[in-house]
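Raw contents of work_35.cif, mmCIF, C-alpha atoms:
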data_target
loop_
_atom_site.group_PDB
_atom_site.id
_atom_site.type_symbol
_atom_site.label_atom_id
_atom_site.label_comp_id
_atom_site.auth_asym_id
_atom_site.auth_seq_id
_atom_site.Cartn_x
_atom_site.Cartn_y
_atom_site.Cartn_z
ATOM 1 C CA MET A 1 2.899 87.471 72.749
ATOM 2 C CA LEU A 2 0.802 84.285 73.047
ATOM 3 C CA LEU A 3 -1.985 85.886 71.019
ATOM 4 C CA GLU A 4 0.466 86.801 68.242
ATOM 5 C CA ARG A 5 1.923 83.268 68.268
ATOM 6 C CA ASN A 6 -1.534 81.739 67.928
ATOM 7 C CA ARG A 7 -2.368 84.170 65.126
ATOM 8 C CA GLU A 8 0.750 83.043 63.235
ATOM 9 C CA ILE A 9 -0.096 79.372 63.820
ATOM 10 C CA TYR A 10 -3.585 80.037 62.448
ATOM 11 C CA LYS A 11 -2.084 81.738 59.412
ATOM 12 C CA VAL A 12 0.318 78.906 58.538
ATOM 13 C CA THR A 13 -2.404 76.321 59.133
ATOM 14 C CA LEU A 14 -4.905 78.208 56.966
ATOM 15 C CA VAL A 15 -2.371 78.411 54.117
ATOM 16 C CA GLY A 16 -1.831 74.652 54.324
ATOM 17 C CA GLY A 17 -5.578 74.071 54.631
ATOM 18 C CA ALA A 18 -6.324 76.122 51.522
ATOM 19 C CA ILE A 19 -3.759 74.169 49.504
ATOM 20 C CA ASN A 20 -5.158 70.909 50.894
ATOM 21 C CA VAL A 21 -8.689 71.809 49.778
ATOM 22 C CA ILE A 22 -7.479 72.735 46.287
ATOM 23 C CA LEU A 23 -5.434 69.531 45.996
ATOM 24 C CA LEU A 24 -8.215 67.431 47.480
ATOM 25 C CA LEU A 25 -10.672 68.562 44.818
ATOM 26 C CA PHE A 26 -8.105 68.413 42.002
ATOM 27 C CA LYS A 27 -6.940 64.906 42.985
ATOM 28 C CA PHE A 28 -10.458 63.491 43.291
ATOM 29 C CA ILE A 29 -11.419 64.911 39.897
ATOM 30 C CA ALA A 30 -8.133 63.764 38.328
ATOM 31 C CA GLY A 31 -8.464 60.333 39.914
ATOM 32 C CA ILE A 32 -12.005 59.836 38.683
ATOM 33 C CA LEU A 33 -11.560 61.344 35.208
ATOM 34 C CA GLY A 34 -8.070 59.857 34.877
ATOM 35 C CA HIS A 35 -9.203 56.368 35.970
ATOM 36 C CA SER A 36 -6.618 56.222 38.748
ATOM 37 C CA ALA A 37 -7.359 54.505 42.035
ATOM 38 C CA ALA A 38 -3.907 55.616 43.212
ATOM 39 C CA MET A 39 -4.867 59.253 42.672
ATOM 40 C CA VAL A 40 -8.161 58.771 44.518
ATOM 41 C CA ALA A 41 -6.184 57.254 47.419
ATOM 42 C CA ASP A 42 -3.858 60.259 47.275
ATOM 43 C CA ALA A 43 -6.929 62.521 47.421
ATOM 44 C CA VAL A 44 -8.021 60.726 50.587
ATOM 45 C CA HIS A 45 -4.587 61.483 52.017
ATOM 46 C CA SER A 46 -5.158 65.165 51.193
ATOM 47 C CA LEU A 47 -8.517 64.928 52.952
ATOM 48 C CA SER A 48 -6.716 63.664 56.050
ATOM 49 C CA ASP A 49 -4.329 66.620 55.779
ATOM 50 C CA PHE A 50 -7.292 68.973 55.763
ATOM 51 C CA VAL A 51 -8.750 67.209 58.817
ATOM 52 C CA THR A 52 -5.451 67.619 60.664
ATOM 53 C CA ASP A 53 -5.439 71.313 59.746
ATOM 54 C CA VAL A 54 -8.820 71.619 61.448
ATOM 55 C CA ILE A 55 -7.441 69.721 64.476
ATOM 56 C CA VAL A 56 -4.536 72.169 64.734
ATOM 57 C CA LEU A 57 -6.888 75.160 64.517
ATOM 58 C CA VAL A 58 -9.187 73.797 67.226
ATOM 59 C CA PHE A 59 -6.416 72.781 69.608
ATOM 60 C CA ILE A 60 -4.433 75.985 69.162
ATOM 61 C CA ARG A 61 -7.551 77.915 70.162
ATOM 62 C CA ILE A 62 -7.891 75.718 73.261
ATOM 63 C CA SER A 63 -4.177 75.825 74.128
ATOM 64 C CA GLY A 64 -4.189 79.624 73.943
ATOM 65 C CA LYS A 65 -6.610 79.956 76.833
ATOM 66 C CA PRO A 66 -5.056 81.358 80.017
ATOM 67 C CA GLN A 67 -4.679 79.391 83.217
ATOM 68 C CA ASP A 68 -7.753 78.815 85.324
ATOM 69 C CA LYS A 69 -8.659 76.876 88.488
ATOM 70 C CA SER A 70 -8.350 73.458 86.874
ATOM 71 C CA HIS A 71 -5.375 74.345 84.618
ATOM 72 C CA ASP A 72 -2.706 75.909 86.850
ATOM 73 C CA TYR A 73 -0.222 76.207 83.979
ATOM 74 C CA GLY A 74 -2.670 77.125 81.225
ATOM 75 C CA HIS A 75 -3.885 74.933 78.389
ATOM 76 C CA GLY A 76 -0.600 74.570 76.459
ATOM 77 C CA LYS A 77 -0.537 70.768 76.673
ATOM 78 C CA TYR A 78 -3.505 70.625 74.292
ATOM 79 C CA GLU A 79 -1.062 71.409 71.507
ATOM 80 C CA THR A 80 0.741 68.155 72.379
ATOM 81 C CA LEU A 81 -2.588 66.322 72.192
ATOM 82 C CA ALA A 82 -3.134 67.836 68.737
ATOM 83 C CA MET A 83 0.265 66.505 67.673
ATOM 84 C CA THR A 84 -0.699 63.030 68.910
ATOM 85 C CA LEU A 85 -3.987 63.105 66.980
ATOM 86 C CA ILE A 86 -2.159 64.157 63.810
ATOM 87 C CA GLY A 87 0.233 61.217 64.246
ATOM 88 C CA ALA A 88 -2.703 58.840 64.656
ATOM 89 C CA ALA A 89 -4.326 60.283 61.514
ATOM 90 C CA LEU A 90 -1.086 59.661 59.590
ATOM 91 C CA LEU A 91 -1.036 56.060 60.781
ATOM 92 C CA PHE A 92 -4.633 55.420 59.704
ATOM 93 C CA VAL A 93 -4.064 56.996 56.289
ATOM 94 C CA ALA A 94 -0.952 54.876 55.768
ATOM 95 C CA ILE A 95 -2.882 51.723 56.652
ATOM 96 C CA GLY A 96 -5.662 52.719 54.243
ATOM 97 C CA ILE A 97 -3.240 53.366 51.383
ATOM 98 C CA ILE A 98 -1.462 50.048 51.978
ATOM 99 C CA TYR A 99 -4.800 48.218 52.055
ATOM 100 C CA SER A 100 -6.012 49.909 48.871
ATOM 101 C CA GLY A 101 -2.766 49.042 47.089
ATOM 102 C CA ALA A 102 -2.909 45.441 48.280
ATOM 103 C CA VAL A 103 -6.459 45.091 46.954
ATOM 104 C CA LYS A 104 -5.419 46.427 43.526
ATOM 105 C CA ILE A 105 -2.394 44.112 43.425
ATOM 106 C CA SER A 106 -4.629 41.179 44.331
ATOM 107 C CA ILE A 107 -7.081 42.068 41.573
ATOM 108 C CA TRP A 108 -4.234 42.350 39.072
ATOM 109 C CA ALA A 109 -2.606 39.096 40.288
ATOM 110 C CA ASN A 110 -5.883 37.264 39.692
ATOM 111 C CA GLY A 111 -5.649 38.189 36.018
ATOM 112 C CA GLU A 112 -8.067 41.093 35.872
ATOM 113 C CA GLN A 113 -6.943 44.026 33.786
ATOM 114 C CA LEU A 114 -6.922 47.356 35.537
ATOM 115 C CA LYS A 115 -7.887 50.409 33.520
ATOM 116 C CA ALA A 116 -4.827 52.478 32.590
ATOM 117 C CA PRO A 117 -4.727 55.911 34.221
ATOM 118 C CA GLY A 118 -4.715 59.095 32.157
ATOM 119 C CA MET A 119 -2.240 61.954 31.960
ATOM 120 C CA LEU A 120 -4.491 64.146 34.128
ATOM 121 C CA ALA A 121 -3.824 61.812 37.061
ATOM 122 C CA LEU A 122 -0.066 62.041 36.459
ATOM 123 C CA TRP A 123 -0.181 65.846 36.330
ATOM 124 C CA ALA A 124 -2.201 65.923 39.553
ATOM 125 C CA ALA A 125 0.482 63.846 41.279
ATOM 126 C CA LEU A 126 3.286 66.086 40.007
ATOM 127 C CA VAL A 127 1.477 69.281 41.032
ATOM 128 C CA SER A 128 0.789 67.749 44.430
ATOM 129 C CA ILE A 129 4.473 66.927 44.978
ATOM 130 C CA VAL A 130 5.531 70.511 44.292
ATOM 131 C CA LEU A 131 2.772 72.174 46.335
ATOM 132 C CA LYS A 132 2.961 69.835 49.327
ATOM 133 C CA GLU A 133 6.756 70.027 49.530
ATOM 134 C CA GLY A 134 6.480 73.824 49.434
ATOM 135 C CA VAL A 135 3.884 73.813 52.228
ATOM 136 C CA TYR A 136 6.092 71.426 54.228
ATOM 137 C CA HIS A 137 9.058 73.833 54.068
ATOM 138 C CA TYR A 138 6.910 76.877 54.854
ATOM 139 C CA SER A 139 5.249 75.086 57.795
ATOM 140 C CA MET A 140 8.530 73.748 59.159
ATOM 141 C CA VAL A 141 10.138 77.208 59.138
ATOM 142 C CA LYS A 142 7.099 78.613 60.949
ATOM 143 C CA ALA A 143 7.016 75.686 63.409
ATOM 144 C CA ARG A 144 10.596 76.423 64.446
ATOM 145 C CA GLN A 145 9.988 80.165 64.673
ATOM 146 C CA LEU A 146 6.856 79.636 66.760
ATOM 147 C CA ASN A 147 8.176 76.634 68.702
ATOM 148 C CA SER A 148 4.978 74.761 67.847
ATOM 149 C CA GLN A 149 4.853 70.977 68.004
ATOM 150 C CA ALA A 150 1.433 70.942 66.346
ATOM 151 C CA VAL A 151 2.628 72.973 63.344
ATOM 152 C CA GLU A 152 5.717 70.759 63.093
ATOM 153 C CA ALA A 153 3.582 67.609 63.149
ATOM 154 C CA ASN A 154 1.336 69.139 60.514
ATOM 155 C CA ALA A 155 4.425 70.010 58.430
ATOM 156 C CA TRP A 156 5.485 66.368 58.536
ATOM 157 C CA HIS A 157 1.986 65.414 57.446
ATOM 158 C CA HIS A 158 2.436 67.712 54.420
ATOM 159 C CA ARG A 159 5.771 66.005 53.712
ATOM 160 C CA SER A 160 4.164 62.561 53.922
ATOM 161 C CA ASP A 161 1.621 63.677 51.330
ATOM 162 C CA ALA A 162 4.430 64.874 49.041
ATOM 163 C CA LEU A 163 6.213 61.536 49.458
ATOM 164 C CA SER A 164 3.067 59.509 48.829
ATOM 165 C CA SER A 165 2.475 61.622 45.721
ATOM 166 C CA ILE A 166 5.940 60.612 44.472
ATOM 167 C CA GLY A 167 4.904 56.976 44.750
ATOM 168 C CA THR A 168 1.621 57.807 43.080
ATOM 169 C CA ALA A 169 3.397 59.634 40.234
ATOM 170 C CA VAL A 170 5.814 56.744 39.686
ATOM 171 C CA GLY A 171 2.959 54.218 39.660
ATOM 172 C CA ILE A 172 0.742 56.271 37.376
ATOM 173 C CA GLY A 173 3.679 57.143 35.096
ATOM 174 C CA GLY A 174 4.674 53.476 34.895
ATOM 175 C CA ALA A 175 1.104 52.447 34.112
ATOM 176 C CA ILE A 176 0.841 55.105 31.401
ATOM 177 C CA PHE A 177 4.226 54.664 29.747
ATOM 178 C CA LEU A 178 4.855 50.941 30.315
ATOM 179 C CA GLY A 179 1.325 49.637 30.837
ATOM 180 C CA GLN A 180 0.395 47.945 27.604
ATOM 181 C CA ARG A 181 3.938 46.762 26.776
ATOM 182 C CA TRP A 182 4.417 45.363 30.284
ATOM 183 C CA ILE A 183 1.000 43.684 30.281
ATOM 184 C CA ALA A 184 1.746 42.090 26.902
ATOM 185 C CA GLU A 185 5.053 40.707 28.278
ATOM 186 C CA ARG A 186 3.308 39.342 31.364
ATOM 187 C CA TYR A 187 0.878 37.189 29.379
ATOM 188 C CA ARG A 188 3.406 35.691 26.906
#
As structure tokens, what does this structure read like?
Amino acid sequence: MLLERNREIYKVTLVGGAINVILLLFKFIAGILGHSAAMVADAVHSLSDFVTDVIVLVFIRISGKPQDKSHDYGHGKYETLAMTLIGAALLFVAIGIIYSGAVKISIWANGEQLKAPGMLALWAALVSIVLKEGVYHYSMVKARQLNSQAVEANAWHHRSDALSSIGTAVGIGGAIFLGQRWIAERYR
């Protein structure tokens, strides 16, 4: 039973990890080619999702070990530690995104013109929203079925990436569709 549970946790985590790798590469390329610092920041968030997938895989392997002399009740609490590490990763990513945004706002406020992002960056954000929200729902269903705090925490990390991609899409879309008109109004 425990072996089957761990196998299912591996499966759901590997699905999320595969999507994270695809999005990570797509977002970095779209951010660089599309001249979008917001998309590059979103790619970093996807990188953190991939790192948390690895954390889940490692800690599920550890938590699946049977009890021994120094662990009378087994190693199950390591899954809780994995959940805590995922939460810390989310916090650090959020701080990094806020810092990056503040730097860009400061640059803009000092009168420097930021390069307008391209449509590729907008498409990357929209694709990310759809994929990450799908992985969130899939992971959350599996977390409840498997009663896994680590998978649930990882599901919420997928959701946070979908939500940050909404902000990214709005910002990139605004810069694309309102950019030059809004900039012209600002300097009148």
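Restricting the calculation to only C-alpha atoms, the smallest distance between Ala30 in chain A and any of A:Tyr138, A:Trp123, A:Trp156, A:Phe177 is found for A:Trp123.
Reported to one decimal place, the separation of CA of Arg5 in chain A from CA of Val51 in chain A is 21.5 Å.
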Quiz item: Quick one, how far is CA of Ala124 in chain A from CA of Leu47 in chain A?
Solution: 14.8 Å
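Nearest to Leu90 in chain A of all the residues A:Leu3, A:Ala153, A:Leu126, A:Leu14 is A:Ala153, based on only C-alpha atoms.
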Self-check item: the PyMOL selection byres ((chain A and resi 119) around 12) resolved against shown file, as JSON, numbers by chain
Solution: {"A": [30, 31, 33, 34, 35, 36, 39, 116, 117, 118, 120, 121, 122, 123, 124, 125, 126, 169, 172, 173, 174, 175, 176, 177]}
Exercise. Just the residues within 9 Å of Val15 in chain A, please, counting all atoms listed in the file, with nothing from its chain fewer than 5 positions along; format it as an MDAnalysis selection string.
Key: chainID A and resid 10 20 135
Taking C-alpha atoms for each residue, export the selection above as a CSV table (one decimal), keeping the file's coordinate frame.
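Saved file again11.csv follows:
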chain,number,residue,atom,x,y,z
A,10,TYR,CA,-3.6,80.0,62.4
A,20,ASN,CA,-5.2,70.9,50.9
A,135,VAL,CA,3.9,73.8,52.2
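Residue nearest Gly101 in chain A within the list A:Lys11, A:Leu24, A:Gly171, A:Glu4: A:Gly171 [criterion: smallest interatomic distance, all atoms listed in the file].
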Self-check item: Selected residue of minimal separation from Gln145 in chain A among A:Ile105, A:Ile9, A:Leu131, A:Ala43, counting all atoms listed in the file
Solution: A:Ile9
Quiz item: Excluding same-chain residues fewer than 2 positions from Val151 in chain A, what lies within 8 Å of it counting all atoms listed in the file, as a PyMOL selection string?
Solution: chain A and resi 9+12-13+56+139-140+142-143+148-149+153-155
Quiz prompt | Length of the CA of Ser128 in chain A to CA of Leu57 in chain A vector [Å] | solution = 22.7 Å
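Between Leu23 in chain A and the candidates A:Glu8, A:Asp161, A:Glu152, A:Glu112, the tightest atom-to-atom separation, counting only C-alpha atoms, involves A:Asp161.
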